[in-house]
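Input: a single structure, listed below in structure tokens.
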Amino acid sequence: MSSQVQPTFVLVHGAFANSFSFAPLQAELGLLGHRSVAVDLPGHGFAATYTRAYQAPQDPGGLATAPGAIKGVTLADNAAHLIGVLERARRNGPVILVAHSRGGATATAAANARPDLIDRIVYVAAWCPVALDVGDYYAEPEMATVDAASLGLAMAGNPAELGLLRVNFRTADPAALAALKAAFLADGTDEEFLTFLSTFQPDENLDVGTSADRAQAATWGRIPKTFVRLADDASMPLALQDRLIREGDELTPDNPYDVRTLAGSHLKWLVDPAPAARVLGELATLPAPSAPSAPSVG
């Protein structure tokens, strides 16, 4: 990309998150002279559902049954929304798409559809499915250290009945809070953890895509790409991050990942964003690699 034109960083959040969690990172980027926009995917941010049952004193029965606006939202909806943001950002110059965690699935789907809108795609411990669908990776050895049962201690309601995932992040259950902290911010203080937890929204959509939404060499594979490994991530273990990198490189050997590593847990880079902002700032100055040869079809 041209060094003469200021790129726009488009930031895509993960599950149960929203644009609010990027505010400290955007402040650091701004102080380094970089332009950024944080996206709220459909049903997130001010479009999220917060029922009275979620307020204190909580009504567990009401929380388990209250409808949520995110019901029925699909990965295709997320990708279409993101593409609309990318189209607007692209009018101002180069675009660097940055995705975290589950947001990587949306970023990948958007990149499959509109690679022309993205000058570089950056995955920060984010899902970029290649060999398997996102849900199937959870049964793989690289995810063996993730304790899904303990993370389910704060679940509210039946996802099949609600048509969405709901987690009571305002729970006072010590076991549930300990499990969430261990998974997402083990290297943070209790105060940082509870503050971050208060930015989460209770509902998330169910759809994470199908095999059609895996990275596609002919489109996604044309975009320069970076993977920022989070070295102490317990919810997306380093072994899985490295597998995703390896599979992406095997899909597009002429356009491998530029790999960076940050110390810290799944959320630490957002709580202490200065190192991440410096890494992203470096990416803004990278020249685009030579265009890879078009893959054969058929």
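Every chain in the structure tokens has a letter given in the order shown (A, B, ...), and although residue numbers restart at 1 in each chain, ligands are simply numbered from 1 in the order shown.
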Counting only C-alpha atoms, give me one row per residue of region 52-157 of chain A with an atom at most 12 Å from an atom of region 246-254 of chain A, showing the shortest contact pair and its distance in Å to one decimal, sorted by chain then residue number, as JSON lines.
```
{"residue": "A:Thr108", "atom": "CA", "partner": "A:Gly248", "partner_atom": "CA", "distance": 11.4}
{"residue": "A:Tyr123", "atom": "CA", "partner": "A:Gly248", "partner_atom": "CA", "distance": 11.5}
{"residue": "A:Trp127", "atom": "CA", "partner": "A:Gly248", "partner_atom": "CA", "distance": 11.1}
{"residue": "A:Cys128", "atom": "CA", "partner": "A:Gly248", "partner_atom": "CA", "distance": 7.9}
{"residue": "A:Pro129", "atom": "CA", "partner": "A:Gly248", "partner_atom": "CA", "distance": 8.4}
{"residue": "A:Val130", "atom": "CA", "partner": "A:Glu247", "partner_atom": "CA", "distance": 6.2}
{"residue": "A:Ala131", "atom": "CA", "partner": "A:Glu247", "partner_atom": "CA", "distance": 6.9}
{"residue": "A:Leu132", "atom": "CA", "partner": "A:Glu247", "partner_atom": "CA", "distance": 10.0}
```
| task | List the neighbours of region 282-286 of chain A out to 12 Å using only C-alpha atoms; skip same-chain residues closer than 2 positions along the sequence, and give me the result as an MDAnalysis selection string. | result | chainID A and resid 1:9 29 32:36 93:98 119:122 224:228 258:260 275:280 288:289
So that I can check the surroundings of Ala239 (chain A), please list as a PDB file with N, CA and C atoms, in the first residue's frame every protein, DNA and RNA residue that reaches within 12 Å of it, counting only C-alpha atoms and ignoring chain neighbours fewer than 6 positions away.
```
ATOM      1  N   ALA A 125      -5.197 -13.516  17.423  1.00  0.00           N
ATOM      2  CA  ALA A 125      -5.750 -14.735  18.030  1.00  0.00           C
ATOM      3  C   ALA A 125      -7.202 -14.906  17.582  1.00  0.00           C
ATOM      4  N   TYR A 137     -13.144 -27.361  15.118  1.00  0.00           N
ATOM      5  CA  TYR A 137     -11.807 -27.240  15.710  1.00  0.00           C
ATOM      6  C   TYR A 137     -11.840 -27.514  17.221  1.00  0.00           C
ATOM      7  N   GLU A 140     -10.553 -30.811  18.307  1.00  0.00           N
ATOM      8  CA  GLU A 140      -9.189 -31.135  17.918  1.00  0.00           C
ATOM      9  C   GLU A 140      -8.227 -31.064  19.111  1.00  0.00           C
ATOM     10  N   PRO A 141      -7.089 -31.766  19.030  1.00  0.00           N
ATOM     11  CA  PRO A 141      -6.151 -31.799  20.156  1.00  0.00           C
ATOM     12  C   PRO A 141      -5.671 -30.422  20.603  1.00  0.00           C
ATOM     13  N   GLU A 142      -5.586 -29.493  19.663  1.00  0.00           N
ATOM     14  CA  GLU A 142      -5.081 -28.157  20.011  1.00  0.00           C
ATOM     15  C   GLU A 142      -6.003 -27.418  20.984  1.00  0.00           C
ATOM     16  N   MET A 143      -7.248 -27.860  21.085  1.00  0.00           N
ATOM     17  CA  MET A 143      -8.198 -27.209  21.997  1.00  0.00           C
ATOM     18  C   MET A 143      -8.435 -28.029  23.263  1.00  0.00           C
ATOM     19  N   ALA A 144      -7.622 -29.065  23.485  1.00  0.00           N
ATOM     20  CA  ALA A 144      -7.853 -29.974  24.612  1.00  0.00           C
ATOM     21  C   ALA A 144      -7.727 -29.286  25.961  1.00  0.00           C
ATOM     22  N   THR A 145      -6.970 -28.210  26.048  1.00  0.00           N
ATOM     23  CA  THR A 145      -6.772 -27.527  27.329  1.00  0.00           C
ATOM     24  C   THR A 145      -7.904 -26.561  27.671  1.00  0.00           C
ATOM     25  N   VAL A 146      -8.824 -26.342  26.746  1.00  0.00           N
ATOM     26  CA  VAL A 146      -9.937 -25.419  26.988  1.00  0.00           C
ATOM     27  C   VAL A 146     -11.059 -26.168  27.703  1.00  0.00           C
ATOM     28  N   ARG A 229      -0.036 -13.531  17.212  1.00  0.00           N
ATOM     29  CA  ARG A 229      -0.203 -14.584  18.205  1.00  0.00           C
ATOM     30  C   ARG A 229      -0.257 -13.958  19.592  1.00  0.00           C
ATOM     31  N   LEU A 230      -1.165 -14.433  20.428  1.00  0.00           N
ATOM     32  CA  LEU A 230      -1.206 -14.044  21.831  1.00  0.00           C
ATOM     33  C   LEU A 230      -0.614 -15.202  22.622  1.00  0.00           C
ATOM     34  N   ALA A 231       0.570 -14.989  23.169  1.00  0.00           N
ATOM     35  CA  ALA A 231       1.388 -16.087  23.667  1.00  0.00           C
ATOM     36  C   ALA A 231       0.807 -16.798  24.885  1.00  0.00           C
ATOM     37  N   ASP A 232      -0.026 -16.112  25.657  1.00  0.00           N
ATOM     38  CA  ASP A 232      -0.538 -16.702  26.894  1.00  0.00           C
ATOM     39  C   ASP A 232      -2.058 -16.870  26.853  1.00  0.00           C
ATOM     40  N   ASP A 233      -2.590 -17.039  25.661  1.00  0.00           N
ATOM     41  CA  ASP A 233      -4.032 -17.141  25.464  1.00  0.00           C
ATOM     42  C   ASP A 233      -4.516 -18.531  25.878  1.00  0.00           C
ATOM     43  N   ILE A 245      -2.323 -20.690  11.460  1.00  0.00           N
ATOM     44  CA  ILE A 245      -1.275 -20.079  10.636  1.00  0.00           C
ATOM     45  C   ILE A 245      -0.751 -21.088   9.619  1.00  0.00           C
ATOM     46  N   ARG A 246      -0.468 -22.278  10.095  1.00  0.00           N
ATOM     47  CA  ARG A 246       0.085 -23.316   9.211  1.00  0.00           C
ATOM     48  C   ARG A 246      -0.885 -23.664   8.089  1.00  0.00           C
TER      49      ARG A 246
END
```
| remark: The residue from A:Leu206, A:Val134, A:Leu165, A:Ala79 with the smallest atom-to-atom distance to Ala107 (chain A), counting only C-alpha atoms, is A:Ala79
| request: Name the closest residue to Gly45 (chain A) among the candidates A:Asn78, A:Thr65, A:Thr199, A:Thr219; distances are taken between atoms, counting only C-alpha atoms. | output: A:Thr199
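Note that the spacing between CA of Pro202 (chain A) and CA of Ser265 (chain A) amounts to 21.3 Å.
Interatomic distance, CA of Gly61 (chain A) to CA of Glu204 (chain A): 18.8 Å.
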| request: Output as a VMD selection string all residues of region 91-275 of chain A that backbone DSSP marks as helix (DSSP H, G or I). | output: chain A and resid 103 to 113 115 to 117 134 to 137 141 to 143 148 to 154 159 to 162 174 to 184 190 to 197 211 to 213 220 to 222 238 to 251 268 to 271 274 to 275
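Among the candidate residues A:Ala234, A:Ala274, A:Leu185, A:Ala109, the one lying nearest to Ser211 (chain A) is A:Ala109, with distances computed using only C-alpha atoms.
Atom pair CA of Leu117 (chain A) / CA of Asp242 (chain A): separated by 26.5 Å.
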Find the residues around Ser198 (chain A) up to 12 Å (only C-alpha atoms counted), leave out those fewer than 6 positions away in its own chain, and share them as a PDB file with N, CA, C and O atoms, in the first residue's frame.
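Generated file (selection.pdb):
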```pdb
ATOM      1  N   PHE A  16     -19.619 -11.819  22.173  1.00  0.00           N
ATOM      2  CA  PHE A  16     -20.138 -11.125  23.346  1.00  0.00           C
ATOM      3  C   PHE A  16     -19.501  -9.743  23.548  1.00  0.00           C
ATOM      4  O   PHE A  16     -19.763  -9.088  24.541  1.00  0.00           O
ATOM      5  N   ALA A  17     -18.666  -9.328  22.609  1.00  0.00           N
ATOM      6  CA  ALA A  17     -17.990  -8.041  22.726  1.00  0.00           C
ATOM      7  C   ALA A  17     -18.651  -7.023  21.802  1.00  0.00           C
ATOM      8  O   ALA A  17     -19.700  -7.286  21.196  1.00  0.00           O
ATOM      9  N   ASN A  18     -18.047  -5.876  21.677  1.00  0.00           N
ATOM     10  CA  ASN A  18     -18.596  -4.798  20.855  1.00  0.00           C
ATOM     11  C   ASN A  18     -17.494  -3.767  20.632  1.00  0.00           C
ATOM     12  O   ASN A  18     -16.343  -3.972  21.037  1.00  0.00           O
ATOM     13  N   PHE A  20     -16.994  -1.070  22.034  1.00  0.00           N
ATOM     14  CA  PHE A  20     -16.549  -0.372  23.238  1.00  0.00           C
ATOM     15  C   PHE A  20     -15.196  -0.896  23.726  1.00  0.00           C
ATOM     16  O   PHE A  20     -14.392  -0.145  24.270  1.00  0.00           O
ATOM     17  N   SER A  21     -14.955  -2.194  23.545  1.00  0.00           N
ATOM     18  CA  SER A  21     -13.720  -2.779  24.072  1.00  0.00           C
ATOM     19  C   SER A  21     -12.481  -2.289  23.338  1.00  0.00           C
ATOM     20  O   SER A  21     -11.362  -2.473  23.813  1.00  0.00           O
ATOM     21  N   TYR A  54     -31.619  -8.917  33.744  1.00  0.00           N
ATOM     22  CA  TYR A  54     -30.155  -8.912  33.823  1.00  0.00           C
ATOM     23  C   TYR A  54     -29.670  -7.919  34.869  1.00  0.00           C
ATOM     24  O   TYR A  54     -28.525  -7.982  35.306  1.00  0.00           O
ATOM     25  N   GLN A  55     -30.537  -6.979  35.263  1.00  0.00           N
ATOM     26  CA  GLN A  55     -30.182  -5.972  36.250  1.00  0.00           C
ATOM     27  C   GLN A  55     -30.228  -6.566  37.658  1.00  0.00           C
ATOM     28  O   GLN A  55     -30.831  -7.610  37.894  1.00  0.00           O
ATOM     29  N   ASN A 168     -24.486 -15.010  31.606  1.00  0.00           N
ATOM     30  CA  ASN A 168     -24.720 -14.038  32.666  1.00  0.00           C
ATOM     31  C   ASN A 168     -23.382 -13.508  33.171  1.00  0.00           C
ATOM     32  O   ASN A 168     -22.816 -14.004  34.137  1.00  0.00           O
ATOM     33  N   PHE A 169     -22.879 -12.485  32.501  1.00  0.00           N
ATOM     34  CA  PHE A 169     -21.596 -11.921  32.887  1.00  0.00           C
ATOM     35  C   PHE A 169     -21.683 -11.109  34.180  1.00  0.00           C
ATOM     36  O   PHE A 169     -20.646 -10.706  34.716  1.00  0.00           O
ATOM     37  N   ARG A 170     -22.883 -10.888  34.689  1.00  0.00           N
ATOM     38  CA  ARG A 170     -23.044 -10.185  35.963  1.00  0.00           C
ATOM     39  C   ARG A 170     -23.242 -11.159  37.125  1.00  0.00           C
ATOM     40  O   ARG A 170     -23.642 -10.761  38.216  1.00  0.00           O
ATOM     41  N   THR A 171     -22.928 -12.424  36.882  1.00  0.00           N
ATOM     42  CA  THR A 171     -23.029 -13.411  37.938  1.00  0.00           C
ATOM     43  C   THR A 171     -22.073 -13.081  39.086  1.00  0.00           C
ATOM     44  O   THR A 171     -21.019 -12.463  38.869  1.00  0.00           O
ATOM     45  N   GLU A 191      -9.725  -6.331  39.324  1.00  0.00           N
ATOM     46  CA  GLU A 191     -10.428  -5.100  38.956  1.00  0.00           C
ATOM     47  C   GLU A 191     -10.499  -4.955  37.437  1.00  0.00           C
ATOM     48  O   GLU A 191     -11.543  -4.592  36.876  1.00  0.00           O
ATOM     49  N   GLU A 192      -9.390  -5.222  36.748  1.00  0.00           N
ATOM     50  CA  GLU A 192      -9.391  -5.157  35.288  1.00  0.00           C
ATOM     51  C   GLU A 192     -10.357  -6.176  34.698  1.00  0.00           C
ATOM     52  O   GLU A 192     -11.089  -5.877  33.746  1.00  0.00           O
TER      53      GLU A 192
END
```
| Residue among A:Arg52, A:Arg88, A:Lys71, A:Arg214 lying closest to Val37 (chain A), counting only C-alpha atoms | A:Arg88
| message | Need to verify the contact set: region 148-163 of chain A, 12 Å, only C-alpha atoms, exclusion of same-chain residues closer than 5 positions in sequence. Can you return it as an NGL selection string? | response | :A and (53-54 or 58-74 or 138-139 or 143 or 168-184 or 202-207 or 234-236)
I need the chosen residues saved as a compact mmCIF listing (two decimals), in the first residue's frame, with N, CA and C atoms.
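What landed in selection.txt:
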```
# COMPACT_ATOMS: atom_id res chain seq x y z
N ALA A 53 -34.27 -8.37 33.61
CA ALA A 53 -33.87 -9.56 34.37
C ALA A 53 -32.36 -9.64 34.57
N TYR A 54 -31.62 -8.92 33.74
CA TYR A 54 -30.16 -8.91 33.82
C TYR A 54 -29.67 -7.92 34.87
N GLN A 58 -30.98 -9.74 40.15
CA GLN A 58 -31.28 -10.47 38.93
C GLN A 58 -32.49 -11.40 39.09
N ASP A 59 -33.12 -11.63 37.95
CA ASP A 59 -34.24 -12.58 37.87
C ASP A 59 -33.76 -13.74 37.00
N PRO A 60 -33.22 -14.80 37.59
CA PRO A 60 -32.66 -15.89 36.78
C PRO A 60 -33.66 -16.53 35.83
N GLY A 61 -34.90 -16.68 36.26
CA GLY A 61 -35.91 -17.27 35.39
C GLY A 61 -36.20 -16.38 34.19
N GLY A 62 -36.33 -15.09 34.44
CA GLY A 62 -36.58 -14.17 33.34
C GLY A 62 -35.40 -14.07 32.40
N LEU A 63 -34.19 -14.11 32.96
CA LEU A 63 -32.99 -14.03 32.13
C LEU A 63 -32.88 -15.25 31.21
N ALA A 64 -33.34 -16.39 31.70
CA ALA A 64 -33.23 -17.63 30.92
C ALA A 64 -34.24 -17.71 29.79
N THR A 65 -35.25 -16.87 29.82
CA THR A 65 -36.33 -16.99 28.83
C THR A 65 -36.60 -15.74 28.02
N ALA A 66 -36.09 -14.60 28.42
CA ALA A 66 -36.37 -13.35 27.70
C ALA A 66 -35.81 -13.42 26.27
N PRO A 67 -36.57 -12.95 25.29
CA PRO A 67 -36.07 -12.95 23.91
C PRO A 67 -34.91 -11.96 23.73
N GLY A 68 -34.08 -12.22 22.73
CA GLY A 68 -32.95 -11.34 22.44
C GLY A 68 -32.94 -10.93 20.98
N ALA A 69 -32.54 -9.69 20.71
CA ALA A 69 -32.59 -9.15 19.35
C ALA A 69 -31.63 -9.86 18.40
N ILE A 70 -30.61 -10.52 18.94
CA ILE A 70 -29.61 -11.13 18.08
C ILE A 70 -30.07 -12.49 17.52
N LYS A 71 -31.20 -12.98 17.99
CA LYS A 71 -31.73 -14.24 17.47
C LYS A 71 -31.90 -14.15 15.95
N GLY A 72 -31.40 -15.15 15.26
CA GLY A 72 -31.54 -15.20 13.80
C GLY A 72 -30.45 -14.49 13.03
N VAL A 73 -29.58 -13.74 13.71
CA VAL A 73 -28.46 -13.09 13.02
C VAL A 73 -27.49 -14.17 12.55
N THR A 74 -27.03 -14.06 11.32
CA THR A 74 -26.15 -15.07 10.74
C THR A 74 -24.77 -14.50 10.46
N TYR A 138 -12.99 -27.31 17.85
CA TYR A 138 -13.08 -27.51 19.29
C TYR A 138 -12.85 -28.95 19.71
N ALA A 139 -13.04 -29.88 18.78
CA ALA A 139 -12.81 -31.29 19.08
C ALA A 139 -11.37 -31.73 18.78
N MET A 143 -7.25 -27.86 21.09
CA MET A 143 -8.20 -27.21 22.00
C MET A 143 -8.44 -28.03 23.26
N ASN A 168 -24.49 -15.01 31.61
CA ASN A 168 -24.72 -14.04 32.67
C ASN A 168 -23.38 -13.51 33.17
N PHE A 169 -22.88 -12.48 32.50
CA PHE A 169 -21.60 -11.92 32.89
C PHE A 169 -21.68 -11.11 34.18
N ARG A 170 -22.88 -10.89 34.69
CA ARG A 170 -23.04 -10.19 35.96
C ARG A 170 -23.24 -11.16 37.12
N THR A 171 -22.93 -12.42 36.88
CA THR A 171 -23.03 -13.41 37.94
C THR A 171 -22.07 -13.08 39.09
N ALA A 172 -22.45 -13.51 40.30
CA ALA A 172 -21.56 -13.39 41.46
C ALA A 172 -21.03 -14.76 41.87
N ASP A 173 -21.29 -15.78 41.07
CA ASP A 173 -20.82 -17.14 41.38
C ASP A 173 -19.29 -17.17 41.31
N PRO A 174 -18.62 -17.45 42.42
CA PRO A 174 -17.15 -17.43 42.42
C PRO A 174 -16.54 -18.40 41.42
N ALA A 175 -17.13 -19.58 41.29
CA ALA A 175 -16.57 -20.58 40.36
C ALA A 175 -16.69 -20.10 38.91
N ALA A 176 -17.83 -19.52 38.57
CA ALA A 176 -18.03 -19.03 37.21
C ALA A 176 -17.07 -17.88 36.91
N LEU A 177 -16.92 -16.96 37.85
CA LEU A 177 -16.02 -15.83 37.65
C LEU A 177 -14.57 -16.29 37.53
N ALA A 178 -14.19 -17.26 38.35
CA ALA A 178 -12.82 -17.78 38.28
C ALA A 178 -12.55 -18.43 36.93
N ALA A 179 -13.54 -19.17 36.42
CA ALA A 179 -13.37 -19.83 35.13
C ALA A 179 -13.24 -18.81 34.01
N LEU A 180 -14.05 -17.76 34.04
CA LEU A 180 -13.99 -16.73 33.02
C LEU A 180 -12.66 -15.98 33.07
N LYS A 181 -12.20 -15.67 34.27
CA LYS A 181 -10.92 -14.96 34.40
C LYS A 181 -9.77 -15.82 33.90
N ALA A 182 -9.78 -17.11 34.24
CA ALA A 182 -8.71 -18.00 33.80
C ALA A 182 -8.68 -18.11 32.28
N ALA A 183 -9.85 -18.09 31.67
CA ALA A 183 -9.93 -18.26 30.22
C ALA A 183 -9.53 -17.01 29.46
N PHE A 184 -9.87 -15.85 29.99
CA PHE A 184 -9.75 -14.64 29.19
C PHE A 184 -8.73 -13.61 29.69
N PRO A 202 -24.70 -9.83 27.10
CA PRO A 202 -25.06 -11.20 27.44
C PRO A 202 -25.33 -12.12 26.25
N ASP A 203 -25.73 -11.57 25.11
CA ASP A 203 -26.19 -12.41 24.00
C ASP A 203 -25.21 -12.43 22.83
N GLU A 204 -25.11 -13.59 22.19
CA GLU A 204 -24.32 -13.76 20.97
C GLU A 204 -25.09 -14.67 20.02
N ASN A 205 -24.90 -14.44 18.72
CA ASN A 205 -25.62 -15.27 17.75
C ASN A 205 -24.99 -16.66 17.66
N LEU A 206 -25.74 -17.60 17.14
CA LEU A 206 -25.31 -18.99 17.09
C LEU A 206 -24.48 -19.33 15.86
N ASP A 207 -24.68 -18.64 14.77
CA ASP A 207 -24.12 -19.05 13.48
C ASP A 207 -22.66 -18.62 13.34
N ALA A 234 -5.46 -18.58 26.85
CA ALA A 234 -6.00 -19.86 27.31
C ALA A 234 -7.28 -20.25 26.59
N SER A 235 -8.00 -19.29 26.02
CA SER A 235 -9.25 -19.63 25.34
C SER A 235 -9.03 -19.98 23.87
N MET A 236 -7.97 -19.43 23.27
CA MET A 236 -7.51 -19.88 21.95
C MET A 236 -6.04 -20.22 22.09
```
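Closest approach to Ala215 (chain A) from the set A:Leu31, A:Ala56, A:Ala111, A:Val39 is made by A:Ala111, with distances taken over only C-alpha atoms.
For the residues A:Leu244, A:Ala38, A:Ile118, A:Leu197, ranking by smallest atom-to-atom distance to Arg91 (chain A) using only C-alpha atoms places A:Ile118 first.
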